[in-house]
file my_file_22.cif (mmCIF, C-alpha atoms and all ligand atoms)
data_run
loop_
_atom_site.label_atom_id
_atom_site.label_comp_id
_atom_site.auth_asym_id
_atom_site.auth_seq_id
_atom_site.Cartn_x
_atom_site.Cartn_y
_atom_site.Cartn_z
CA MET F 1 28.47 24.15 -5.37
CA ALA F 2 29.39 21.20 -7.56
CA ARG F 3 28.00 21.36 -11.06
CA THR F 4 25.66 18.48 -11.74
CA ARG F 5 24.83 19.25 -15.34
CA ARG F 6 27.01 17.36 -17.77
CA PRO F 7 28.75 19.76 -20.16
CA LEU F 8 27.88 19.46 -23.85
CA ILE F 9 30.11 20.83 -26.57
CA ALA F 10 28.26 20.80 -29.87
CA GLY F 11 29.65 21.52 -33.33
CA ASN F 12 27.29 22.97 -35.92
CA TRP F 13 28.94 22.38 -39.26
CA LYS F 14 26.20 24.32 -41.08
CA MET F 15 26.28 23.92 -44.89
CA ASN F 16 29.90 22.78 -44.98
CA GLY F 17 31.51 19.51 -45.84
CA LEU F 18 31.79 16.90 -48.54
CA ARG F 19 32.19 13.25 -47.71
CA ALA F 20 35.96 12.89 -47.81
CA ASP F 21 36.69 15.92 -45.61
CA ALA F 22 33.85 15.13 -43.25
CA ILE F 23 35.19 11.65 -42.60
CA VAL F 24 38.63 13.04 -41.75
CA LEU F 25 37.16 15.72 -39.48
CA ALA F 26 34.83 13.28 -37.72
CA ARG F 27 37.60 10.72 -37.21
CA ASP F 28 39.98 13.35 -35.86
CA ILE F 29 37.36 14.57 -33.39
CA ALA F 30 36.53 11.02 -32.34
CA GLY F 31 40.22 10.21 -31.95
CA GLY F 32 40.85 13.31 -29.87
CA PHE F 33 37.85 12.59 -27.67
CA ARG F 34 39.03 9.05 -27.03
CA GLN F 35 42.57 10.17 -26.37
CA ALA F 36 41.47 12.83 -23.91
CA GLY F 37 39.54 10.15 -22.04
CA TRP F 38 36.77 12.57 -21.07
CA THR F 39 33.99 10.81 -19.24
CA ASP F 40 32.55 13.98 -17.73
CA ARG F 41 31.35 15.76 -20.87
CA ASP F 42 29.52 15.11 -24.13
CA LEU F 43 30.78 15.98 -27.60
CA LEU F 44 28.29 16.33 -30.43
CA VAL F 45 28.82 17.01 -34.12
CA CYS F 46 25.97 18.19 -36.35
CA PRO F 47 26.94 17.75 -40.01
CA PRO F 48 24.69 18.56 -42.97
CA ALA F 49 21.91 15.99 -43.38
CA THR F 50 23.65 14.31 -46.32
CA LEU F 51 26.54 13.41 -44.03
CA VAL F 52 24.74 12.15 -40.93
CA VAL F 53 25.12 8.49 -41.94
CA THR F 54 28.75 8.91 -42.98
CA VAL F 55 29.71 10.82 -39.85
CA SER F 56 27.82 8.40 -37.60
CA GLU F 57 29.84 5.58 -39.08
CA ALA F 58 33.10 7.52 -38.76
CA VAL F 59 32.63 8.18 -35.02
CA ARG F 60 31.04 4.84 -34.14
CA GLY F 61 32.27 3.44 -30.82
CA SER F 62 34.01 6.68 -29.81
CA GLY F 63 31.22 8.13 -27.69
CA VAL F 64 30.97 11.23 -29.92
CA LEU F 65 27.32 12.01 -30.58
CA VAL F 66 25.85 12.98 -33.96
CA GLY F 67 22.97 15.37 -34.56
CA GLY F 68 20.99 17.02 -37.31
CA GLN F 69 20.80 20.79 -37.87
CA ASP F 70 17.03 20.95 -38.38
CA CYS F 71 14.04 18.67 -38.84
CA HIS F 72 10.48 18.93 -40.12
CA ALA F 73 7.65 18.75 -37.61
CA GLU F 74 5.90 15.90 -39.43
CA ALA F 75 7.09 12.30 -39.45
CA SER F 76 6.53 11.86 -43.21
CA GLY F 77 4.52 13.28 -46.07
CA ALA F 78 4.47 15.69 -48.97
CA HIS F 79 7.20 18.10 -47.88
CA THR F 80 9.69 18.23 -50.71
CA GLY F 81 13.24 18.76 -49.56
CA ASP F 82 12.50 18.42 -45.87
CA ILE F 83 13.85 15.84 -43.47
CA ALA F 84 11.90 14.21 -40.64
CA ALA F 85 13.32 13.73 -37.17
CA GLU F 86 12.70 10.01 -37.63
CA MET F 87 14.96 10.05 -40.70
CA LEU F 88 17.76 11.70 -38.73
CA ARG F 89 17.39 9.09 -36.02
CA ASP F 90 17.42 6.33 -38.63
CA ALA F 91 20.63 7.82 -40.07
CA GLY F 92 22.40 7.64 -36.71
CA ALA F 93 21.56 10.95 -35.03
CA SER F 94 20.64 11.23 -31.36
CA CYS F 95 20.13 15.02 -31.28
CA VAL F 96 18.84 17.81 -33.48
CA ILE F 97 19.29 21.58 -33.43
CA VAL F 98 15.98 23.41 -33.83
CA GLY F 99 15.26 27.11 -34.17
CA HIS F 100 18.76 28.20 -35.10
CA SER F 101 18.65 31.90 -35.97
CA GLU F 102 19.71 31.10 -39.53
CA ARG F 103 16.61 28.90 -39.84
CA ARG F 104 14.45 31.54 -38.18
CA THR F 105 15.78 34.18 -40.61
CA ASP F 106 16.30 32.22 -43.84
CA HIS F 107 13.14 30.14 -43.55
CA GLY F 108 10.87 32.37 -41.49
CA GLU F 109 10.61 29.89 -38.64
CA THR F 110 8.44 31.20 -35.82
CA ASP F 111 8.51 30.11 -32.19
CA ALA F 112 5.47 27.93 -32.90
CA VAL F 113 7.30 26.16 -35.72
CA VAL F 114 10.34 25.64 -33.51
CA ARG F 115 8.13 24.25 -30.77
CA ALA F 116 6.57 21.74 -33.18
CA LYS F 117 10.05 20.70 -34.30
CA ALA F 118 11.15 20.13 -30.71
CA GLN F 119 8.09 17.92 -30.22
CA ALA F 120 8.98 16.06 -33.41
CA ALA F 121 12.45 15.44 -32.01
CA TRP F 122 10.91 13.86 -28.90
CA ARG F 123 8.56 11.77 -31.01
CA ALA F 124 11.58 10.38 -32.87
CA GLY F 125 13.67 9.84 -29.75
CA LEU F 126 16.04 12.73 -30.44
CA LEU F 127 17.29 15.35 -27.98
CA PRO F 128 16.37 18.81 -29.30
CA ILE F 129 18.73 21.75 -28.83
CA VAL F 130 16.41 24.74 -28.96
CA CYS F 131 18.17 27.96 -30.01
CA ILE F 132 17.15 31.42 -28.88
CA GLY F 133 18.88 34.78 -29.03
CA GLU F 134 18.37 38.49 -29.54
CA THR F 135 19.36 40.62 -32.51
CA LEU F 136 21.66 43.62 -32.16
CA ALA F 137 18.72 46.02 -32.46
CA GLU F 138 16.91 44.17 -29.68
CA ARG F 139 19.95 44.28 -27.44
CA GLU F 140 20.62 47.95 -28.13
CA SER F 141 17.06 48.86 -27.32
CA GLY F 142 17.22 47.04 -23.99
CA ARG F 143 14.83 44.27 -24.99
CA THR F 144 17.18 41.28 -24.68
CA PHE F 145 15.58 39.72 -21.61
CA ALA F 146 12.04 40.21 -22.88
CA VAL F 147 12.93 38.68 -26.25
CA LEU F 148 14.56 35.66 -24.62
CA ALA F 149 11.60 35.15 -22.29
CA ASN F 150 9.17 35.29 -25.23
CA GLN F 151 11.20 32.91 -27.34
CA LEU F 152 11.36 30.43 -24.47
CA LYS F 153 7.64 30.67 -23.83
CA GLY F 154 6.87 30.12 -27.50
CA SER F 155 9.49 27.52 -28.38
CA ILE F 156 9.55 25.09 -25.45
CA PRO F 157 6.79 22.47 -25.62
CA ASN F 158 4.91 21.17 -22.60
CA GLY F 159 6.59 18.11 -21.20
CA ALA F 160 10.15 19.46 -21.23
CA THR F 161 12.46 17.95 -18.63
CA ALA F 162 16.12 18.27 -17.72
CA ALA F 163 16.76 15.07 -19.66
CA ASN F 164 14.89 15.82 -22.87
CA LEU F 165 15.86 19.43 -23.58
CA VAL F 166 18.96 21.52 -24.21
CA VAL F 167 18.70 25.27 -24.77
CA ALA F 168 21.33 27.24 -26.68
CA TYR F 169 21.65 30.97 -26.13
CA GLU F 170 23.02 32.44 -29.35
CA PRO F 171 22.95 36.23 -29.66
CA VAL F 172 22.29 36.73 -33.37
CA TRP F 173 24.88 39.52 -33.55
CA ALA F 174 27.59 37.19 -32.22
CA ILE F 175 27.05 34.39 -34.75
CA GLY F 176 29.84 34.22 -37.29
CA THR F 177 30.89 37.81 -36.60
CA GLY F 178 33.80 37.39 -34.20
CA LYS F 179 31.91 39.66 -31.81
CA THR F 180 31.08 38.19 -28.42
CA PRO F 181 29.28 39.28 -25.29
CA THR F 182 31.35 39.71 -22.15
CA THR F 183 31.56 36.91 -19.60
CA GLY F 184 29.19 38.95 -17.45
CA GLU F 185 26.66 39.42 -20.26
CA VAL F 186 26.66 35.68 -20.93
CA ALA F 187 26.27 34.98 -17.21
CA ASP F 188 23.34 37.42 -16.95
CA ALA F 189 21.58 36.04 -20.01
CA HIS F 190 21.97 32.44 -18.85
CA ALA F 191 20.77 33.21 -15.33
CA HIS F 192 17.76 34.97 -16.85
CA ILE F 193 17.06 32.05 -19.20
CA ARG F 194 17.20 29.56 -16.34
CA LYS F 195 14.83 31.70 -14.28
CA GLU F 196 12.38 32.06 -17.19
CA LEU F 197 12.62 28.34 -17.93
CA GLY F 198 11.36 27.79 -14.40
CA GLY F 199 8.11 29.41 -15.52
CA VAL F 200 7.58 27.07 -18.48
CA MET F 201 8.82 23.75 -17.13
CA ALA F 202 9.77 21.79 -14.04
CA GLU F 203 13.41 20.78 -13.56
CA ALA F 204 14.74 24.04 -15.07
CA SER F 205 17.74 23.85 -12.76
CA GLY F 206 18.88 20.67 -14.49
CA VAL F 207 18.57 21.81 -18.11
CA ARG F 208 21.82 22.27 -19.98
CA LEU F 209 22.23 25.80 -21.34
CA LEU F 210 24.81 26.24 -24.09
CA TYR F 211 26.33 29.50 -25.23
CA GLY F 212 26.87 29.96 -28.97
CA GLY F 213 28.28 32.76 -31.13
CA SER F 214 31.92 33.12 -32.21
CA VAL F 215 33.22 30.62 -29.67
CA LYS F 216 36.81 29.63 -30.37
CA ALA F 217 39.61 28.04 -28.41
CA SER F 218 41.05 31.39 -27.36
CA ASN F 219 37.82 32.78 -25.84
CA ALA F 220 36.09 29.58 -24.71
CA SER F 221 37.22 29.61 -21.09
CA ASP F 222 35.99 33.21 -20.68
CA LEU F 223 32.68 32.71 -22.48
CA LEU F 224 31.91 29.43 -20.75
CA ALA F 225 33.02 30.42 -17.26
CA ALA F 226 29.69 31.29 -15.67
CA ASP F 227 27.86 28.77 -13.48
CA ASP F 228 24.80 28.64 -15.70
CA VAL F 229 26.79 27.91 -18.85
CA ASP F 230 26.92 24.18 -19.49
CA GLY F 231 28.78 24.08 -22.76
CA ALA F 232 28.91 25.59 -26.21
CA LEU F 233 27.29 25.48 -29.62
CA VAL F 234 30.17 26.11 -32.00
CA GLY F 235 29.92 27.00 -35.68
CA GLY F 236 33.04 27.99 -37.62
CA ALA F 237 35.52 26.74 -35.04
CA SER F 238 33.95 23.28 -35.06
CA LEU F 239 35.25 22.67 -38.57
CA LYS F 240 38.79 22.19 -37.27
CA ALA F 241 39.27 19.20 -35.01
CA ASP F 242 42.07 20.75 -32.92
CA GLU F 243 40.12 23.93 -32.34
CA PHE F 244 36.92 22.08 -31.46
CA LEU F 245 38.75 19.77 -29.06
CA ALA F 246 40.49 22.74 -27.44
CA ILE F 247 37.07 24.31 -26.83
CA ALA F 248 35.88 21.05 -25.29
CA LYS F 249 38.93 21.07 -23.06
CA ALA F 250 38.24 24.64 -21.94
CA VAL F 251 34.94 23.71 -20.34
CA GLN F 252 35.60 24.01 -16.65
CA ARG F 253 34.34 21.58 -14.09
CA SER F 254 33.74 22.74 -10.58
P1 LIG H 301 29.78 30.61 -34.97
O1 LIG H 301 28.32 29.96 -35.12
O2 LIG H 301 30.48 29.82 -33.89
O3 LIG H 301 30.41 30.45 -36.31
O4 LIG H 301 29.59 32.02 -34.56
C1 LIG H 301 27.61 29.51 -34.00
C2 LIG H 301 26.29 28.95 -34.41
O5 LIG H 301 25.65 29.51 -35.33
O6 LIG H 301 25.82 27.94 -33.87
#
call {"tool": "encode", "arguments": {"input": "my_file_22.cif", "output": "structure tokens", "more": "lines below"}}
Ligand code: PGA
result
Amino acid sequence: MARTRRPLIAGNWKMNGLRADAIVLARDIAGGFRQAGWTDRDLLVCPPATLVVTVSEAVRGSGVLVGGQDCHAEASGAHTGDIAAEMLRDAGASCVIVGHSERRTDHGETDAVVRAKAQAAWRAGLLPIVCIGETLAERESGRTFAVLANQLKGSIPNGATAANLVVAYEPVWAIGTGKTPTTGEVADAHAHIRKELGGVMAEASGVRLLYGGSVKASNASDLLAADDVDGALVGGASLKADEFLAIAKAVQRS
């Protein structure tokens, strides 16, 4: 069956990058995207908040999308150090990652918080990428599917559609570790996620599901091979333009 979901390859730069390097990286990615002439897939870069304006300007006109790594649930107010979805949008972003496991761990973000952030993204006109994923202990105790189902139930707001939501499956134990699930484990998790999504929203069959966790050029075609995998959320390997573009190239179209 032909795949109708448009692949999305997203780079999460995390807390990396100063202006000069970020401009070079963003321009190289934009140049590579243009040169490849891809019209069948989306490329997204999510720099630190301080660089959203700079990176948006650097990729302007290339078709490369820019996103934030997190947002606050409120549009404005007394929240020192936080950034509203509206501010990201104003800075040039069209997407925002919410509920990354590093946010859930470092900042104690619960599913309810993540859900409110996804709603904030909609309010601001941003596409939220909602991250879910099990820890090693949860996987080893056979709770992976239950954990994913619970996270989905808690983190996806009412009103989700195929057009306004992306979900990223990121096993916590695979993030930044070089360890990855097998192609079959990714396929099983994604099939399960799509099935569970059907219980919390309409149009689950059209939602893009990304895999994230130690994706690099050399393992991308294996990790992204399954039917229910519609792209990748890439951390470390997104900081090198060649590597990131090679991952984007590895996304298969059927
Ligand atoms: P990684 O990070 O590719 O460095 O494992 C992925 C992520 O955290 O989104």
call {"tool": "closest_residue", "arguments": {"input": "my_file_22.cif", "among": "F:His72, F:Arg60, F:Arg104, F:His79", "to": "Ala118 of chain F", "atoms": "only C-alpha atoms"}}
result
F:His72
call {"tool": "closest_residue", "arguments": {"input": "my_file_22.cif", "among": "F:Met15, F:Ala49, F:Ile247, F:Glu196", "to": "Gly81 of chain F", "atoms": "all atoms listed in the file"}}
result
F:Ala49
call {"tool": "atom_distance", "arguments": {"input": "my_file_22.cif", "atom1": "atom CA of Ala137 of chain F", "atom2": "atom CA of Val98 of chain F"}}
result
22.8 Å
call {"tool": "axis_aligned_box", "arguments": {"input": "my_file_22.cif", "around": "ligand LIG 301 (chain H)", "padding_each_side": "4 Å", "output": "AutoDock Vina command-line options"}}
result
--center_x 28.1 --center_y 30.0 --center_z -35.1 --size_x 12.8 --size_y 12.1 --size_z 10.4
call {"tool": "residues_around", "arguments": {"input": "my_file_22.cif", "residues": "Cys131 of chain F", "least_positions_apart": "2", "cutoff": "12 Å", "atoms": "only C-alpha atoms", "output": "ChimeraX atom specification"}}
result
/F:12,69-70,96-104,109-111,114-115,117-118,128-129,133-134,148,151-152,154-156,165-172,175,193,209-213,232-233
call {"tool": "closest_residue", "arguments": {"input": "my_file_22.cif", "among": "F:Thr4, F:Asn219, F:Asn16, F:Thr50", "to": "Lys240 of chain F", "atoms": "all atoms listed in the file"}}
result
F:Asn16
call {"tool": "closest_residue", "arguments": {"input": "my_file_22.cif", "among": "F:Leu136, F:Ala226, F:Ala187, F:Ala220", "to": "Ala248 of chain F", "atoms": "only C-alpha atoms"}}
result
F:Ala220
call {"tool": "atom_distance", "arguments": {"input": "my_file_22.cif", "atom1": "atom CA of Cys46 of chain F", "atom2": "atom CA of Leu8 of chain F"}}
result
12.7 Å
call {"tool": "residues_near_point", "arguments": {"input": "my_file_22.cif", "point": "(33.1, 13.5, -36.4)", "cutoff": "8 Å", "atoms": "all atoms listed in the file", "output": "VMD selection string"}}
result
chain F and resid 22 to 30 45 55 to 56 58 to 59 64 66
call {"tool": "write_last_selection", "arguments": {"input": "my_file_22.cif", "atoms": "C-alpha atoms", "output": "PDB file, in the coordinates of the input"}}
result
ATOM      1  CA  ALA F  22      33.850  15.130 -43.250  1.00  0.00           C
ATOM      2  CA  ILE F  23      35.190  11.650 -42.600  1.00  0.00           C
ATOM      3  CA  VAL F  24      38.630  13.040 -41.750  1.00  0.00           C
ATOM      4  CA  LEU F  25      37.160  15.720 -39.480  1.00  0.00           C
ATOM      5  CA  ALA F  26      34.830  13.280 -37.720  1.00  0.00           C
ATOM      6  CA  ARG F  27      37.600  10.720 -37.210  1.00  0.00           C
ATOM      7  CA  ASP F  28      39.980  13.350 -35.860  1.00  0.00           C
ATOM      8  CA  ILE F  29      37.360  14.570 -33.390  1.00  0.00           C
ATOM      9  CA  ALA F  30      36.530  11.020 -32.340  1.00  0.00           C
ATOM     10  CA  VAL F  45      28.820  17.010 -34.120  1.00  0.00           C
ATOM     11  CA  VAL F  55      29.710  10.820 -39.850  1.00  0.00           C
ATOM     12  CA  SER F  56      27.820   8.400 -37.600  1.00  0.00           C
ATOM     13  CA  ALA F  58      33.100   7.520 -38.760  1.00  0.00           C
ATOM     14  CA  VAL F  59      32.630   8.180 -35.020  1.00  0.00           C
ATOM     15  CA  VAL F  64      30.970  11.230 -29.920  1.00  0.00           C
ATOM     16  CA  VAL F  66      25.850  12.980 -33.960  1.00  0.00           C
TER      17      VAL F  66
END
call {"tool": "atom_distance", "arguments": {"input": "my_file_22.cif", "atom1": "atom O5 of ligand LIG 301 (chain H)", "atom2": "atom CA of Leu127 of chain F"}}
result
18.0 Å
call {"tool": "closest_residue", "arguments": {"input": "my_file_22.cif", "among": "F:Ala189, F:Met201, F:Ile83, F:Ile132", "to": "Asn150 of chain F", "atoms": "only C-alpha atoms"}}
result
F:Ile132
call {"tool": "closest_residue", "arguments": {"input": "my_file_22.cif", "among": "F:Thr144, F:Ser214, F:Thr135, F:Ser205", "to": "ligand LIG 301 (chain H)", "atoms": "all atoms listed in the file"}}
result
F:Ser214
call {"tool": "residues_near_point", "arguments": {"input": "my_file_22.cif", "point": "(14.4, 12.4, -37.8)", "cutoff": "9 Å", "atoms": "only C-alpha atoms", "output": "ChimeraX atom specification"}}
result
/F:68,70-72,75,83-91,93,96,120-121,123-126
